[in-house]
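Participant: Okay, here's the structure, questions in a sec.
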Amino acid sequence: MERLGGFFHSRHFANAMPVLFGLVGVVITNLPFSLFGGWIPSPMYALMPVYYWCLVRPDLMSPGWVLLIGLGHDVFSGEPIGVWAASFVVTYAVIDKQRDAFAGLSGWGAILGFATAALIACATNYTITSLYFWKLMAVGGSIREFAVTSVLYVVVLPLLSFTHRKVVGPLRSEF
């Protein structure tokens, strides 16, 4: 038991936290039940840690990990392989290019910054899916998914911040 406790208080555990949050987000998003009977889509919980750690600790959330999280989302959701993976990677690329602008936001600006990232992910997903099926898809689902994801980021953000302050940040300095 002591060895297990040592792992949870190690640099390796801190390094894995952002990716673990992304993968847990994939699983939660794709649970096979809905609290609202399908009226409200599941938010993209996996995008939330991708966005957060791309800004705060890009060394822990690299494009390769984002691709893996996106592929996991594709596999669990049953959508064509690569659609969400590409959407997440495109979103990551935009965030990465504009990191200074996004990282400088606080308060409601930070929420709007995430909403911008969610809009990019949903628009990219919509575009790729429409091209994949070679027809314009209904846009209502993407709009609802964007709205629900943007609103629920407010609820998830304190958990991500707490984890960064109490686990990832302090344990990253160990040698």
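As shown in the structure tokens, the chain order sets the letters A, B, ...; within each chain, residues go from 1, and ligands are also counted from 1 in the order they appear.
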Using DSSP on the backbone coordinates, identify the residues of stretch 9-154 of chain A assigned to alpha helix (DSSP H); present them as a count of residues only.
Facilitator: 105
Participant: Give me the residues near A:Met61 as number ranges by chain, where near means some atom within 8 Å (using only C-alpha atoms) and where sequence neighbours in that chain fewer than 3 positions away do not count.
Facilitator: A: 18-19, 50, 53-54, 57-58, 65-66
Participant: For A:Tyr51, which residue out of A:Ala118, A:Leu20, A:Val167, A:Val155 is the nearest one, using only C-alpha atoms?
Facilitator: A:Ala118
Participant: Find, counting only C-alpha atoms, the residue in A:Arg144, A:Arg11, A:Lys135, A:His73 that gets nearest to A:Ala85.
Facilitator: A:His73
Participant: So how far away is atom CA of A:Ala117 from atom CA of A:Asp100, in Å?
Facilitator: 14.3 Å
Participant: Show which residues sit within 7 Å of stretch 124-134 of chain A, as a CSV table (one decimal) with N, CA and C atoms, in the first residue's frame. Count only C-alpha atoms, and ignore same-chain residues fewer than 5 positions away.
Facilitator:
chain,number,residue,atom,x,y,z
A,83,VAL,N,-12.8,11.7,-36.5
A,83,VAL,CA,-13.6,13.0,-36.6
A,83,VAL,C,-13.3,13.9,-35.4
A,84,TRP,N,-13.6,13.3,-34.2
A,84,TRP,CA,-13.3,14.1,-33.0
A,84,TRP,C,-11.8,14.3,-32.7
A,87,SER,N,-10.9,17.2,-34.8
A,87,SER,CA,-11.5,18.4,-34.2
A,87,SER,C,-10.8,18.8,-32.9
A,142,SER,N,-25.1,20.2,-33.0
A,142,SER,CA,-23.8,20.8,-32.8
A,142,SER,C,-23.9,22.1,-31.9
